[in-house]
Amino acid sequence: MYDDVIVLFNKGRLSTENSPSAKELFDRSHYGVLLSDGRVELSMLETVYLLEKKRISVVDGRNKHISVREMERKASKESDFWLRYAVFRDFRNRGYVIKTALKFGADFRVYDKGIKPGQDHAKWVIFPVKESEKMTWQDFAAKNRVAHSTKKRLLIAVVDDECDVSYWESRWLRP
C-alpha cells in the first residue's frame with residue numbers, strides 16, 4: 001500500500017516526495033505533517049517505526065538507501081530517543097494516533113481510537129519516564145498541571161529495561 005513511499009533524509013530532515021502514496025500515508029494513518037508543496041515531513045520516531053514496518057524506504061542526498069539499523073543509529077543521537085520510541089511504538093502498535101506535544105509542554109499527545117487530529121482534541125498528554133527514574137512530587141504536580149490546563153488526561157508511560165511500557169493515568173476529580 002505505502003511501500004512505494006520514498007523518504008529523503010537530507011540535513012537532518014525527513015520528507016517524502018509529493019506523491020499519492022505519501023498523501024495517503026498522511027491522510028489514512030496520520031503520520032507526519034503535510035507541507036504546502038504536498039510532501040509529508042516525518043519525525044525520526046515515525047521514520048524508524050515506518051522503516052521497521054517496511055512501509056517506507058529512506059534514501060540520502062545521493063539516493064543511497066538507508067537501512068533500519070543505520071536510521072536507528074542516526075535517531076539514537078536524539079535525547080531519550082529509545083525511551084520515547086518505546087512509547088511511540090507501543091501506541092502505534094495498539095492502533096492509536098500519537099503526535100508530539102511540545103507546544104503543550106509534554107512529550108506526546110494521543111488521540112482516542114478512530115479520532116483524527118483536527119477532528120477532535122487529543123485525549124491524553126504523555127510523559128515517558130524510565131522505570132529506574134525518580135520523580136518528585138513537584139515533577140508529578142507540574143505534569144498534572146500541564147494535563148489539566150490543556151484539558152487532557154495525564155499518562156505517565158513507565159518504560160522498563162526491556163522497553164516494555166506500563167501506563168499510569170492521573171486526572172483531577174471533584175468529590
# chains A, B, ... in the order shown; residues from 1 in each chain; ligands from 1
call {"tool": "residues_around", "arguments": {"residues": "range 119-135 of chain A", "least_positions_apart": "2", "cutoff": "7 Å", "atoms": "only C-alpha atoms", "output": "PyMOL selection string"}}
result
chain A and resi 83-84+87+106-112+115-117+137+139-140+147+152-160
call {"tool": "residues_around", "arguments": {"residues": "Ser57 in chain A", "least_positions_apart": "3", "cutoff": "8 Å", "atoms": "only C-alpha atoms", "output": "list of chain:residue names"}}
result
A:Asp3, A:Asp4, A:Val5, A:Ile6, A:Val7, A:Leu51, A:Lys54, A:His65, A:Ile66
call {"tool": "residues_around", "arguments": {"residues": "range 67-77 of chain A", "least_positions_apart": "5", "cutoff": "8 Å", "atoms": "only C-alpha atoms", "output": "list in words"}}
result
Met44, Leu45, Val48, Leu51, Glu52, Val58 and Trp82 of chain A
call {"tool": "write_last_selection", "arguments": {"atoms": "N, CA and C atoms", "output": "short mmCIF file (atom, residue, chain, number, x, y, z; two decimals), in the first residue's frame"}}
result
data_model
loop_
_atom_site.label_atom_id
_atom_site.label_comp_id
_atom_site.auth_asym_id
_atom_site.auth_seq_id
_atom_site.Cartn_x
_atom_site.Cartn_y
_atom_site.Cartn_z
N MET A 44 11.82 11.59 13.36
CA MET A 44 12.69 10.42 13.47
C MET A 44 11.91 9.23 14.01
N LEU A 45 11.07 9.46 15.00
CA LEU A 45 10.26 8.38 15.58
C LEU A 45 9.40 7.71 14.51
N VAL A 48 11.67 5.76 11.84
CA VAL A 48 12.19 4.47 12.31
C VAL A 48 11.05 3.46 12.39
N LEU A 51 9.99 2.42 8.84
CA LEU A 51 11.04 1.59 8.25
C LEU A 51 10.99 0.17 8.81
N GLU A 52 10.84 0.07 10.12
CA GLU A 52 10.74 -1.26 10.74
C GLU A 52 9.54 -2.04 10.22
N VAL A 58 13.98 4.84 2.86
CA VAL A 58 14.66 6.11 3.13
C VAL A 58 15.94 6.15 2.31
N TRP A 82 15.29 6.27 22.59
CA TRP A 82 14.78 4.91 22.81
C TRP A 82 13.67 4.88 23.84
#
call {"tool": "residues_around", "arguments": {"residues": "range 34-43 of chain A", "least_positions_apart": "6", "cutoff": "9 Å", "atoms": "only C-alpha atoms", "output": "PyMOL selection string"}}
result
chain A and resi 7+13-19+22-23+25-26
call {"tool": "closest_residue", "arguments": {"among": "A:Asp161, A:Lys143, A:Lys99, A:Ser29", "to": "Arg55 in chain A", "atoms": "only C-alpha atoms"}}
result
A:Ser29
call {"tool": "select_by_dssp", "arguments": {"residues": "range 50-150 of chain A", "states": "helix (DSSP H, G or I)", "output": "ChimeraX atom specification"}}
result
/A:50-52,68-75,81-93,102-104,137-149
call {"tool": "write_last_selection", "arguments": {"atoms": "N, CA and C atoms", "output": "short mmCIF file (atom, residue, chain, number, x, y, z; two decimals), in the first residue's frame"}}
result
data_model
loop_
_atom_site.label_atom_id
_atom_site.label_comp_id
_atom_site.auth_asym_id
_atom_site.auth_seq_id
_atom_site.Cartn_x
_atom_site.Cartn_y
_atom_site.Cartn_z
N LEU A 50 8.14 3.38 10.71
CA LEU A 50 7.67 3.00 9.38
C LEU A 50 8.70 2.16 8.63
N LEU A 51 9.99 2.42 8.84
CA LEU A 51 11.04 1.59 8.25
C LEU A 51 10.99 0.17 8.81
N GLU A 52 10.84 0.07 10.12
CA GLU A 52 10.74 -1.26 10.74
C GLU A 52 9.54 -2.04 10.22
N VAL A 68 17.34 0.17 8.22
CA VAL A 68 16.70 0.40 9.52
C VAL A 68 17.78 0.63 10.58
N ARG A 69 18.80 -0.20 10.61
CA ARG A 69 19.86 -0.08 11.62
C ARG A 69 20.60 1.25 11.50
N GLU A 70 20.88 1.69 10.27
CA GLU A 70 21.54 2.98 10.07
C GLU A 70 20.64 4.12 10.57
N MET A 71 19.35 4.02 10.28
CA MET A 71 18.41 5.06 10.71
C MET A 71 18.31 5.07 12.23
N GLU A 72 18.32 3.89 12.84
CA GLU A 72 18.27 3.80 14.31
C GLU A 72 19.51 4.46 14.92
N ARG A 73 20.66 4.25 14.31
CA ARG A 73 21.89 4.89 14.82
C ARG A 73 21.78 6.41 14.74
N LYS A 74 21.26 6.91 13.63
CA LYS A 74 21.11 8.36 13.48
C LYS A 74 20.10 8.89 14.50
N ALA A 75 19.00 8.17 14.66
CA ALA A 75 17.93 8.60 15.57
C ALA A 75 18.38 8.57 17.02
N PHE A 81 15.84 9.12 22.82
CA PHE A 81 15.13 8.55 21.68
C PHE A 81 14.52 7.20 22.01
N TRP A 82 15.29 6.27 22.59
CA TRP A 82 14.78 4.91 22.81
C TRP A 82 13.67 4.88 23.84
N LEU A 83 13.73 5.74 24.82
CA LEU A 83 12.66 5.86 25.81
C LEU A 83 11.37 6.31 25.12
N ARG A 84 11.48 7.36 24.35
CA ARG A 84 10.32 7.91 23.64
C ARG A 84 9.82 6.95 22.56
N TYR A 85 10.76 6.28 21.90
CA TYR A 85 10.37 5.35 20.83
C TYR A 85 9.57 4.17 21.38
N ALA A 86 9.93 3.66 22.55
CA ALA A 86 9.20 2.54 23.15
C ALA A 86 7.72 2.91 23.32
N VAL A 87 7.46 4.13 23.77
CA VAL A 87 6.09 4.60 23.97
C VAL A 87 5.40 4.83 22.63
N PHE A 88 6.09 5.50 21.71
CA PHE A 88 5.53 5.75 20.38
C PHE A 88 5.13 4.44 19.71
N ARG A 89 6.05 3.48 19.69
CA ARG A 89 5.80 2.18 19.03
C ARG A 89 4.63 1.45 19.69
N ASP A 90 4.59 1.47 21.02
CA ASP A 90 3.51 0.79 21.72
C ASP A 90 2.14 1.35 21.34
N PHE A 91 2.01 2.66 21.32
CA PHE A 91 0.72 3.26 20.95
C PHE A 91 0.37 2.99 19.49
N ARG A 92 1.34 3.13 18.60
CA ARG A 92 1.06 2.86 17.18
C ARG A 92 0.67 1.40 16.96
N ASN A 93 1.36 0.49 17.65
CA ASN A 93 1.02 -0.92 17.52
C ASN A 93 -0.39 -1.22 18.03
N LEU A 102 5.00 19.09 22.15
CA LEU A 102 5.95 20.06 22.69
C LEU A 102 5.29 21.40 23.01
N LYS A 103 4.34 21.81 22.18
CA LYS A 103 3.70 23.10 22.45
C LYS A 103 2.84 23.07 23.71
N PHE A 104 2.49 21.86 24.18
CA PHE A 104 1.75 21.72 25.43
C PHE A 104 2.68 21.52 26.62
N TRP A 137 7.44 14.90 43.82
CA TRP A 137 6.04 15.34 43.83
C TRP A 137 5.87 16.63 43.03
N GLN A 138 6.92 17.47 43.03
CA GLN A 138 6.85 18.71 42.25
C GLN A 138 6.79 18.39 40.75
N ASP A 139 7.60 17.41 40.30
CA ASP A 139 7.56 16.99 38.89
C ASP A 139 6.18 16.45 38.53
N PHE A 140 5.67 15.59 39.41
CA PHE A 140 4.35 14.99 39.18
C PHE A 140 3.26 16.06 39.13
N ALA A 141 3.31 17.00 40.07
CA ALA A 141 2.32 18.08 40.11
C ALA A 141 2.41 18.94 38.85
N ALA A 142 3.63 19.21 38.38
CA ALA A 142 3.81 20.01 37.17
C ALA A 142 3.20 19.29 35.95
N LYS A 143 3.42 18.00 35.87
CA LYS A 143 2.86 17.22 34.76
C LYS A 143 1.32 17.22 34.83
N ASN A 144 0.79 17.10 36.04
CA ASN A 144 -0.66 17.15 36.22
C ASN A 144 -1.22 18.51 35.82
N ARG A 145 -0.50 19.58 36.16
CA ARG A 145 -0.96 20.92 35.77
C ARG A 145 -0.99 21.08 34.26
N VAL A 146 0.04 20.53 33.57
CA VAL A 146 0.06 20.60 32.10
C VAL A 146 -1.18 19.90 31.54
N ALA A 147 -1.46 18.70 32.02
CA ALA A 147 -2.62 17.95 31.53
C ALA A 147 -3.92 18.70 31.82
N HIS A 148 -4.04 19.19 33.05
CA HIS A 148 -5.27 19.90 33.43
C HIS A 148 -5.47 21.17 32.60
N SER A 149 -4.39 21.93 32.41
CA SER A 149 -4.52 23.19 31.66
C SER A 149 -4.81 22.97 30.18
#
call {"tool": "atom_distance", "arguments": {"atom1": "CA of Tyr31 in chain A", "atom2": "CA of Glu46 in chain A"}}
result
6.8 Å
call {"tool": "select_by_dssp", "arguments": {"residues": "chain A", "states": "strand (DSSP E or B)", "output": "MDAnalysis selection string"}}
result
chainID A and resid 6:10 13:16 33:34 40:42 57:59 65:66 97:100 108:111 117 120 124:130 153:159 165:170
call {"tool": "closest_residue", "arguments": {"among": "A:Ser79, A:Asn63, A:Ser170, A:Thr136", "to": "Asn10 in chain A", "atoms": "only C-alpha atoms"}}
result
A:Asn63
call {"tool": "closest_residue", "arguments": {"among": "A:Asp60, A:Ala101, A:Asp164, A:Arg94", "to": "Gly114 in chain A", "atoms": "only C-alpha atoms"}}
result
A:Arg94
call {"tool": "atom_distance", "arguments": {"atom1": "CA of Gly105 in chain A", "atom2": "CA of Val165 in chain A"}}
result
21.0 Å
call {"tool": "atom_distance", "arguments": {"atom1": "CA of Lys11 in chain A", "atom2": "CA of Tyr49 in chain A"}}
result
19.9 Å
